[in-house]
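The file structure.cif comes next; it holds mmCIF, C-alpha atoms.
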data_work
#
loop_
_atom_site.label_atom_id
_atom_site.label_comp_id
_atom_site.auth_asym_id
_atom_site.auth_seq_id
_atom_site.Cartn_x
_atom_site.Cartn_y
_atom_site.Cartn_z
CA MET A 1009 0.00 0.00 0.00
CA GLU A 1010 2.80 2.40 -1.00
CA THR A 1011 0.38 5.02 -2.25
CA GLY A 1012 -1.55 5.00 1.03
CA PHE A 1013 -4.61 3.22 -0.36
CA ALA A 1014 -5.91 0.08 -2.05
CA ARG A 1015 -8.74 -0.05 -4.56
CA LEU A 1016 -12.01 -1.68 -3.51
CA SER A 1017 -13.72 -4.16 -5.80
CA LEU A 1018 -16.67 -3.13 -7.96
CA LEU A 1019 -18.91 -5.40 -5.84
CA THR A 1020 -17.87 -3.57 -2.68
CA GLN A 1021 -18.39 -0.17 -4.29
CA THR A 1022 -21.84 -1.28 -5.45
CA ALA A 1023 -22.77 -2.37 -1.91
CA TYR A 1024 -21.78 1.08 -0.62
CA ALA A 1025 -23.76 2.85 -3.37
CA ARG A 1026 -26.88 0.75 -2.68
CA LEU A 1027 -26.60 1.48 1.02
CA LEU A 1028 -26.34 5.21 0.34
CA ASP A 1029 -29.44 5.06 -1.86
CA GLN A 1030 -31.42 3.24 0.83
CA LEU A 1031 -30.41 5.57 3.66
CA ALA A 1032 -30.98 8.70 1.60
CA ALA A 1033 -34.56 7.62 0.80
CA PRO A 1034 -37.37 9.00 2.99
CA ALA A 1035 -37.74 7.12 6.28
CA VAL A 1036 -40.74 4.81 6.63
CA GLY A 1037 -41.25 5.26 10.34
CA ASP A 1038 -39.15 2.65 12.11
CA PRO A 1039 -40.26 2.79 15.78
CA GLY A 1040 -36.67 2.36 16.92
CA THR A 1041 -33.67 0.05 17.10
CA GLY A 1042 -34.03 -2.75 19.63
CA ILE A 1043 -37.84 -2.58 19.57
CA SER A 1044 -40.10 -5.42 18.46
CA LEU A 1045 -43.87 -5.40 18.11
CA VAL A 1046 -45.78 -8.21 19.77
CA SER A 1047 -49.46 -8.99 20.12
CA LYS A 1048 -51.58 -10.66 22.80
CA SER A 1049 -55.02 -12.18 22.59
CA ILE A 1050 -57.17 -11.14 25.55
CA ARG A 1051 -60.81 -12.32 25.73
CA GLY A 1052 -60.87 -12.90 22.02
CA ARG A 1053 -59.43 -9.53 21.04
CA ARG A 1054 -55.89 -8.78 19.83
CA TYR A 1055 -53.75 -6.07 21.43
CA TRP A 1056 -50.33 -4.74 20.30
CA TYR A 1057 -47.29 -3.85 22.41
CA ALA A 1058 -43.82 -2.45 21.75
CA GLN A 1059 -41.30 -4.74 23.43
CA THR A 1060 -37.74 -3.91 24.49
CA VAL A 1061 -35.13 -5.52 26.72
CA GLU A 1062 -34.10 -3.28 29.62
CA GLY A 1063 -31.77 -4.43 32.36
CA GLY A 1064 -31.93 -8.02 31.11
CA ARG A 1065 -35.74 -8.26 31.26
CA LYS A 1066 -38.46 -7.79 28.69
CA VAL A 1067 -40.51 -4.59 28.98
CA GLN A 1068 -43.75 -4.13 27.03
CA ARG A 1069 -45.48 -0.83 26.39
CA TYR A 1070 -49.06 -0.77 25.22
CA ILE A 1071 -49.77 0.55 21.69
CA GLY A 1072 -53.44 -0.22 21.17
CA PRO A 1073 -56.06 -2.76 20.11
CA ASP A 1074 -56.07 -4.41 16.73
CA SER A 1075 -57.47 -1.88 14.25
CA PRO A 1076 -56.80 -0.54 10.76
CA GLU A 1077 -54.51 2.12 12.29
CA THR A 1078 -52.41 -0.35 14.29
CA GLU A 1079 -52.30 -2.70 11.30
CA ARG A 1080 -50.77 0.10 9.21
CA LEU A 1081 -48.27 0.80 11.97
CA VAL A 1082 -47.28 -2.87 12.11
CA GLU A 1083 -46.85 -3.04 8.33
CA ARG A 1084 -44.69 0.10 8.32
CA TRP A 1085 -42.59 -1.34 11.11
CA ARG A 1086 -42.15 -4.66 9.32
CA GLY A 1087 -41.10 -2.83 6.17
CA ALA A 1088 -38.60 -0.73 8.13
CA ARG A 1089 -37.17 -3.81 9.86
CA ALA A 1090 -36.78 -5.57 6.51
CA GLU A 1091 -34.93 -2.54 5.14
CA ALA A 1092 -32.73 -2.41 8.23
CA SER A 1093 -31.86 -6.07 7.76
CA SER A 1094 -31.01 -5.39 4.13
CA ARG A 1095 -28.77 -2.48 5.15
CA ALA A 1096 -26.95 -4.63 7.71
CA GLU A 1097 -26.28 -7.18 4.97
CA LEU A 1098 -24.87 -4.46 2.70
CA VAL A 1099 -22.59 -3.29 5.50
CA ALA A 1100 -21.40 -6.88 5.94
CA MET A 1101 -20.77 -7.17 2.18
CA ALA A 1102 -18.76 -3.95 2.19
CA ARG A 1103 -16.75 -5.13 5.18
CA ALA A 1104 -15.97 -8.45 3.51
CA GLY A 1105 -14.81 -6.52 0.46
CA GLY A 1106 -12.28 -4.52 2.46
CA ALA A 1107 -14.17 -1.28 3.09
CA HIS A 1108 -13.45 0.57 6.33
CA VAL A 1109 -16.00 -0.34 9.01
CA VAL A 1110 -16.15 1.34 12.42
CA SER A 1111 -16.54 -0.52 15.71
CA ALA A 1112 -19.99 -1.30 17.09
CA ALA A 1113 -19.52 1.37 19.79
CA GLU A 1114 -18.56 4.03 17.22
CA ALA A 1115 -21.53 3.09 15.04
CA ARG A 1116 -23.92 3.45 17.99
CA VAL A 1117 -22.54 6.86 18.97
CA ILE A 1118 -22.59 8.24 15.43
CA SER A 1119 -26.08 6.82 14.87
CA ARG A 1120 -27.34 8.70 17.93
CA LEU A 1121 -26.08 11.89 16.30
CA GLY A 1122 -28.38 11.29 13.30
CA PRO A 1123 -30.70 14.22 14.17
CA VAL A 1124 -27.68 16.56 14.22
CA PHE A 1125 -26.64 15.48 10.73
CA ARG A 1126 -30.21 15.93 9.50
CA MET A 1127 -30.04 19.53 10.76
CA GLY A 1128 -26.77 20.29 8.97
CA GLY A 1129 -24.03 19.00 11.28
CA VAL A 1130 -20.90 17.79 9.49
CA LEU A 1131 -18.66 14.85 10.38
CA VAL A 1132 -15.01 15.95 10.12
CA GLY A 1133 -11.64 14.52 11.15
CA SER A 1134 -10.46 10.97 10.53
CA HIS A 1135 -13.97 9.49 10.57
CA ALA A 1136 -14.89 11.76 7.65
CA PHE A 1137 -11.64 10.80 5.90
CA ALA A 1138 -12.62 7.12 6.21
CA VAL A 1139 -16.10 7.86 4.81
CA LEU A 1140 -14.56 9.69 1.84
CA GLY A 1141 -12.32 6.70 1.15
CA ASN A 1142 -15.27 4.31 1.01
CA ALA A 1143 -17.19 6.76 -1.18
CA LEU A 1144 -14.24 7.02 -3.57
CA GLY A 1145 -13.86 3.25 -3.73
CA VAL A 1146 -10.60 2.96 -1.81
CA ARG A 1147 -9.41 1.74 1.57
CA TRP A 1148 -6.82 3.85 3.36
CA GLY A 1149 -3.95 2.44 5.38
CA GLU A 1150 -5.20 1.60 8.88
CA ALA A 1151 -2.88 4.10 10.59
CA MET A 1152 -4.42 6.91 8.52
CA VAL A 1153 -7.93 6.43 9.95
CA ARG A 1154 -7.18 5.35 13.51
CA THR A 1155 -9.03 7.56 16.01
CA GLU A 1156 -11.16 7.31 19.14
CA ASP A 1157 -12.81 10.72 18.78
CA VAL A 1158 -15.87 11.73 16.78
CA ASP A 1159 -15.36 15.27 15.47
CA LEU A 1160 -18.60 17.10 14.77
CA ALA A 1161 -18.67 20.53 13.12
CA THR A 1162 -21.63 22.85 13.51
CA ASP A 1163 -22.45 26.32 12.26
CA ALA A 1164 -25.32 28.81 12.09
CA ARG A 1165 -27.24 26.58 9.68
CA ILE A 1166 -28.14 24.27 12.56
CA ASP A 1167 -29.61 27.17 14.53
CA LEU A 1168 -31.66 28.15 11.47
CA ALA A 1169 -32.92 24.60 11.07
CA VAL A 1170 -33.79 24.39 14.75
CA SER A 1171 -35.76 27.63 14.56
CA ARG A 1172 -37.87 25.99 11.88
CA GLU A 1173 -38.23 22.73 13.82
CA LEU A 1174 -39.15 24.70 16.98
CA GLN A 1175 -37.50 22.18 19.32
CA PRO A 1176 -33.71 22.29 19.90
CA LEU A 1177 -31.71 19.11 20.32
CA GLU A 1178 -29.78 18.28 23.48
CA LEU A 1179 -26.43 16.61 22.88
CA ASP A 1180 -26.35 14.92 26.29
CA GLY A 1181 -29.77 13.37 25.73
CA LEU A 1182 -28.93 12.24 22.20
CA LEU A 1183 -25.79 10.47 23.39
CA GLY A 1184 -27.49 8.84 26.38
CA GLY A 1185 -25.43 10.72 28.95
CA THR A 1186 -21.98 12.27 28.72
CA VAL A 1187 -19.10 13.38 30.92
CA PRO A 1188 -17.98 16.92 29.92
CA ARG A 1189 -14.23 17.34 29.39
CA ARG A 1190 -13.21 20.91 30.29
CA PRO A 1191 -9.96 22.44 28.97
CA VAL A 1192 -7.13 21.90 31.47
CA LEU A 1193 -5.71 25.38 30.85
CA SER A 1194 -9.11 27.07 31.00
CA PRO A 1195 -11.26 25.07 33.45
CA THR A 1196 -13.87 27.85 33.68
CA TYR A 1197 -14.65 27.58 29.97
CA PRO A 1198 -17.66 25.46 28.94
CA ALA A 1199 -16.81 21.96 27.76
CA THR A 1200 -16.54 21.26 24.02
CA SER A 1201 -15.55 17.61 24.35
CA PHE A 1202 -17.86 14.96 25.79
CA SER A 1203 -17.04 11.41 26.82
CA VAL A 1204 -19.95 9.10 26.05
CA ARG A 1205 -20.87 6.99 29.06
CA GLY A 1206 -20.14 3.32 28.57
CA ALA A 1207 -18.55 3.78 25.15
CA ALA A 1208 -14.98 5.05 25.76
CA ILE A 1209 -15.55 7.46 22.88
CA GLU A 1210 -15.36 11.25 22.93
CA VAL A 1211 -17.42 13.61 20.81
CA ASP A 1212 -15.66 16.90 20.06
CA LEU A 1213 -17.68 19.90 18.86
CA VAL A 1214 -16.01 22.46 16.60
CA THR A 1215 -17.30 25.54 14.81
CA PRO A 1216 -15.80 28.03 12.30
CA LEU A 1217 -13.72 30.91 13.62
CA VAL A 1218 -14.34 33.92 11.40
CA GLY A 1219 -13.08 37.40 12.28
CA ARG A 1220 -10.99 38.24 15.32
CA GLU A 1221 -9.12 35.58 17.23
CA ARG A 1222 -10.88 34.03 20.20
CA ARG A 1223 -10.25 31.05 22.45
CA ARG A 1224 -13.46 30.94 24.40
CA PRO A 1225 -15.88 28.23 23.20
CA VAL A 1226 -18.85 29.35 21.14
CA PRO A 1227 -22.34 28.48 22.45
CA VAL A 1228 -24.38 26.14 20.25
CA PRO A 1229 -27.93 26.59 21.60
CA ALA A 1230 -29.25 24.03 19.11
CA LEU A 1231 -27.31 21.32 20.97
CA GLY A 1232 -27.32 22.70 24.48
CA ALA A 1233 -23.51 22.73 24.32
CA ALA A 1234 -20.51 24.76 23.16
CA ALA A 1235 -17.96 24.29 20.37
CA THR A 1236 -14.28 25.08 19.91
CA PRO A 1237 -13.82 27.85 17.29
CA LEU A 1238 -11.33 26.84 14.57
CA ARG A 1239 -9.82 29.03 11.88
CA PHE A 1240 -10.30 27.79 8.26
CA LEU A 1241 -13.16 25.43 9.23
CA ASP A 1242 -15.70 27.56 7.33
CA TYR A 1243 -14.02 26.61 4.04
CA LEU A 1244 -14.09 22.92 4.91
CA ILE A 1245 -17.80 22.66 5.74
CA GLU A 1246 -19.13 25.24 3.28
CA GLU A 1247 -19.81 22.47 0.74
CA THR A 1248 -20.69 18.98 1.90
CA GLN A 1249 -21.92 15.69 0.51
CA PRO A 1250 -23.84 12.75 1.99
CA GLY A 1251 -21.81 9.76 3.06
CA ILE A 1252 -22.19 6.53 5.00
CA VAL A 1253 -20.42 5.49 8.16
CA LEU A 1254 -20.20 1.72 7.75
CA GLY A 1255 -21.17 -0.10 10.92
CA GLY A 1256 -24.36 -1.69 12.23
CA GLU A 1257 -27.06 -0.84 9.68
CA GLY A 1258 -25.07 2.10 8.28
CA VAL A 1259 -25.38 5.75 9.31
CA LEU A 1260 -26.14 8.61 6.93
CA VAL A 1261 -23.88 11.62 7.63
CA ASN A 1262 -22.67 14.81 6.01
CA VAL A 1263 -18.96 15.03 5.15
CA PRO A 1264 -16.87 17.71 3.42
CA ARG A 1265 -16.19 17.50 -0.30
CA ALA A 1266 -13.04 15.47 -0.94
CA GLY A 1267 -11.13 18.25 -2.70
CA ARG A 1268 -11.80 20.72 0.09
CA PHE A 1269 -10.83 18.12 2.68
CA ALA A 1270 -7.44 17.67 0.98
CA LEU A 1271 -6.65 21.38 0.66
CA HIS A 1272 -7.88 22.10 4.18
CA LYS A 1273 -5.44 19.47 5.47
CA LEU A 1274 -2.63 21.28 3.66
CA VAL A 1275 -3.62 24.59 5.25
CA VAL A 1276 -3.86 23.08 8.73
CA ALA A 1277 -0.51 21.24 8.39
CA SER A 1278 1.19 24.49 7.43
CA ARG A 1279 -0.33 26.34 10.38
CA ARG A 1280 0.68 23.61 12.82
CA SER A 1281 4.28 23.84 11.60
CA ARG A 1282 4.30 27.64 11.75
CA ASP A 1283 2.75 27.88 15.20
CA GLY A 1284 4.79 25.07 16.76
CA GLY A 1285 1.90 22.62 16.89
CA SER A 1286 2.09 18.85 17.03
CA ALA A 1287 4.54 17.50 14.44
CA ALA A 1288 2.74 14.13 14.50
CA LYS A 1289 -0.61 15.74 13.71
CA ALA A 1290 0.94 17.83 10.94
CA ARG A 1291 2.39 14.65 9.47
CA THR A 1292 -1.03 12.95 9.60
CA ASP A 1293 -2.57 15.97 7.86
CA LEU A 1294 -0.03 15.73 5.03
CA VAL A 1295 -0.41 11.96 4.68
CA GLN A 1296 -4.20 12.19 4.44
CA ALA A 1297 -4.01 15.10 1.99
CA ALA A 1298 -1.51 13.27 -0.23
CA ALA A 1299 -3.61 10.10 -0.33
CA LEU A 1300 -6.73 12.05 -1.30
CA VAL A 1301 -4.86 13.99 -3.97
CA ARG A 1302 -3.55 10.79 -5.54
CA VAL A 1303 -7.03 9.27 -5.75
CA LEU A 1304 -8.69 12.45 -7.01
CA ALA A 1305 -5.95 13.10 -9.58
CA GLU A 1306 -6.76 9.73 -11.14
CA ASP A 1307 -10.52 9.67 -10.77
CA LEU A 1308 -11.87 13.21 -10.23
CA PRO A 1309 -9.18 15.80 -11.02
CA GLY A 1310 -11.78 18.52 -11.41
CA GLU A 1311 -12.62 18.16 -7.70
CA LEU A 1312 -9.17 19.52 -6.86
CA GLY A 1313 -9.55 22.39 -9.33
CA LEU A 1314 -12.89 23.42 -7.88
CA ALA A 1315 -11.52 23.25 -4.34
CA TRP A 1316 -8.59 25.51 -5.27
CA LYS A 1317 -10.86 28.02 -7.03
CA ALA A 1318 -12.92 28.25 -3.84
CA LEU A 1319 -9.83 28.71 -1.66
CA ALA A 1320 -7.60 31.03 -3.69
CA PRO A 1321 -9.87 34.13 -3.51
CA ARG A 1322 -9.83 33.94 0.31
CA GLY A 1323 -6.51 35.72 0.34
CA PRO A 1324 -2.72 35.34 0.33
CA THR A 1325 -2.62 33.81 3.83
CA TRP A 1326 -4.65 30.85 2.60
CA ARG A 1327 -2.65 30.45 -0.61
CA ARG A 1328 0.73 30.68 1.14
CA ALA A 1329 -0.34 28.03 3.66
CA VAL A 1330 -1.25 25.58 0.88
CA ILE A 1331 1.92 26.22 -1.13
CA ALA A 1332 4.10 25.80 1.97
CA SER A 1333 2.61 22.33 2.50
CA VAL A 1334 2.84 21.43 -1.20
CA ARG A 1335 6.61 21.89 -0.96
CA ARG A 1336 6.69 19.13 1.66
CA LEU A 1337 4.77 16.61 -0.48
CA GLU A 1338 6.23 13.95 -2.73
CA PRO A 1339 6.88 15.14 -6.30
CA ASP A 1340 4.00 13.23 -7.92
CA VAL A 1341 1.47 14.67 -5.46
CA ALA A 1342 2.81 18.20 -5.83
CA GLU A 1343 2.68 17.91 -9.62
CA ALA A 1344 -0.92 16.63 -9.51
CA LEU A 1345 -1.91 19.74 -7.55
CA ARG A 1346 -0.02 22.10 -9.89
CA ALA A 1347 -1.82 20.50 -12.83
CA GLN A 1348 -5.07 21.74 -11.25
CA GLY A 1349 -3.78 25.29 -10.82
CA VAL A 1350 -2.49 25.04 -7.26
CA ARG A 1351 0.53 27.32 -7.47
#
Using the file provided, produce a representation of the structure as structure tokens.
Amino acid sequence: METGFARLSLLTQTAYARLLDQLAAPAVGDPGTGISLVSKSIRGRRYWYAQTVEGGRKVQRYIGPDSPETERLVERWRGARAEASSRAELVAMARAGGAHVVSAAEARVISRLGPVFRMGGVLVGSHAFAVLGNALGVRWGEAMVRTEDVDLATDARIDLAVSRELQPLELDGLLGGTVPRRPVLSPTYPATSFSVRGAAIEVDLVTPLVGRERRRPVPVPALGAAATPLRFLDYLIEETQPGIVLGGEGVLVNVPRAGRFALHKLVVASRRSRDGGSAAKARTDLVQAAALVRVLAEDLPGELGLAWKALAPRGPTWRRAVIASVRRLEPDVAEALRAQGVR
């Protein structure tokens, strides 16, 4: 895997595409994961219950008597369960074909964040990089996607969506309980990182930093939380695409466009080097950027050109940051970028 990736088979790519089609279709009203519908006959009449397992014992909640309405509910549920089973099979097919699949715990946590993605939240970081690889039909080297954190970017679009929906989301409730992680150097600041109880996974909230510098977290009323403001993030999440986190029955998310992801990594790597940031993280940024550039140069070179055209007008600071990182890339990667006008 000298280039940083291996091509997935056509069968595996087809499984991913089918899964994306299914998850992007309108929901049919699944009453929830882990719920089954059962009926009882009492004095000659049929009654329906939603059954779950809580604390090792079965718990049944009454739905209603047998009627045309409950029959429609049961049929919708059966259809949703059949689709969920089909999606789980597609995930298994993709996994067998070498696609990147997250752990069961990661899949559960990201699935719980589904309402946030539906309101415009964007998956960023290494999880998004893994999603982009599957979408492009490649598998990255394992070290390139290894992470225990789920990075979630939010911006004003979520607040706008919430104002239309009338009811804000609560991150703690969505995740089933969290332990806030406050900054060690600024313990009075609100937490932007949350450890999910029982999952050993942290969810980090980030938001674009536009204008003057600031360190204090930015409130995100839509989630009842706060986010770390990051420079250059606005460019990354300005244009997104749907993607699938492979795990469980698959999770529909929003991820940045691949070209923007690559150039953003070059900007961030340059800034880390200039500001004395983590050399290891800067190296990871460059490795991920190079791998994406190689794939896009072969398959979708125009994606890189569009990403550069969106970045270049943002000013000389942006352009210098990219060029500084390009000088540190291998010759073939640097030349692929120059061929798309990155100079």
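Closest approach to A:Met1152 from the set A:Pro1123, A:Pro1324, A:Gly1267, A:Gly1012 is made by A:Gly1012, with distances taken over all atoms listed in the file.
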Specify as JSON, numbers by chain each residue included when the PyMOL selection byres ((chain A and resi 1016) around 6) is applied to this file.
{"A": [1015, 1017, 1145, 1146]}
Kindly export the residues of the current selection with C-alpha atoms, as a PDB file, in the coordinates of the input.
ATOM      1  CA  ARG A1015      -8.740  -0.050  -4.560  1.00  0.00           C
ATOM      2  CA  SER A1017     -13.720  -4.160  -5.800  1.00  0.00           C
ATOM      3  CA  GLY A1145     -13.860   3.250  -3.730  1.00  0.00           C
ATOM      4  CA  VAL A1146     -10.600   2.960  -1.810  1.00  0.00           C
TER       5      VAL A1146
END
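Applied to the file shown here, the PyMOL selection byres ((chain A and resi 1141) around 10) selects Phe1013, Ala1014, Arg1015, Leu1016, Ala1107, His1108, His1135, Ala1136, Phe1137, Ala1138, Val1139, Leu1140, Asn1142, Ala1143, Leu1144, Gly1145, Val1146, Arg1147, Trp1148, Val1153, Ala1266, Ala1299, Leu1300 and Val1303 of chain A.
Using all atoms listed in the file for every distance, the candidate list A:Val1046, A:Leu1081, A:Ala1208, A:Leu1031 yields A:Leu1031 as the residue closest to A:Gly1122.
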Residue contacts of A:Gln1249 (7 Å, only C-alpha atoms) excluding same-chain residues fewer than 4 positions away, as a PyMOL selection string:
chain A and resi 1262-1265
Residue neighbourhood A:Ile1209, 7 Å, only C-alpha atoms, exclusion window fewer than 3 positions, as number ranges by chain
A: 1156-1157, 1203-1204
Could you tell me which residues the PyMOL selection byres ((chain A and resi 1185) around 12) returns for this structure, as an mmCIF file with C-alpha atoms, in the coordinates of the input?
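This is the output file out.cif:
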data_model
loop_
_atom_site.group_PDB
_atom_site.id
_atom_site.type_symbol
_atom_site.label_atom_id
_atom_site.label_comp_id
_atom_site.auth_asym_id
_atom_site.auth_seq_id
_atom_site.Cartn_x
_atom_site.Cartn_y
_atom_site.Cartn_z
ATOM 1 C CA VAL A 1117 -22.540 6.860 18.970
ATOM 2 C CA ARG A 1120 -27.340 8.700 17.930
ATOM 3 C CA GLU A 1178 -29.780 18.280 23.480
ATOM 4 C CA LEU A 1179 -26.430 16.610 22.880
ATOM 5 C CA ASP A 1180 -26.350 14.920 26.290
ATOM 6 C CA GLY A 1181 -29.770 13.370 25.730
ATOM 7 C CA LEU A 1182 -28.930 12.240 22.200
ATOM 8 C CA LEU A 1183 -25.790 10.470 23.390
ATOM 9 C CA GLY A 1184 -27.490 8.840 26.380
ATOM 10 C CA THR A 1186 -21.980 12.270 28.720
ATOM 11 C CA VAL A 1187 -19.100 13.380 30.920
ATOM 12 C CA PRO A 1188 -17.980 16.920 29.920
ATOM 13 C CA PHE A 1202 -17.860 14.960 25.790
ATOM 14 C CA SER A 1203 -17.040 11.410 26.820
ATOM 15 C CA VAL A 1204 -19.950 9.100 26.050
ATOM 16 C CA ARG A 1205 -20.870 6.990 29.060
ATOM 17 C CA GLY A 1206 -20.140 3.320 28.570
ATOM 18 C CA ALA A 1207 -18.550 3.780 25.150
ATOM 19 C CA GLU A 1210 -15.360 11.250 22.930
ATOM 20 C CA VAL A 1211 -17.420 13.610 20.810
#
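The interatomic distance for the pair atom CA of A:Val1124 and atom CA of A:Glu1091 works out to 22.4 Å.
As for atom CA of A:Val1158 and atom CA of A:Thr1248, they are spaced 17.2 Å apart.
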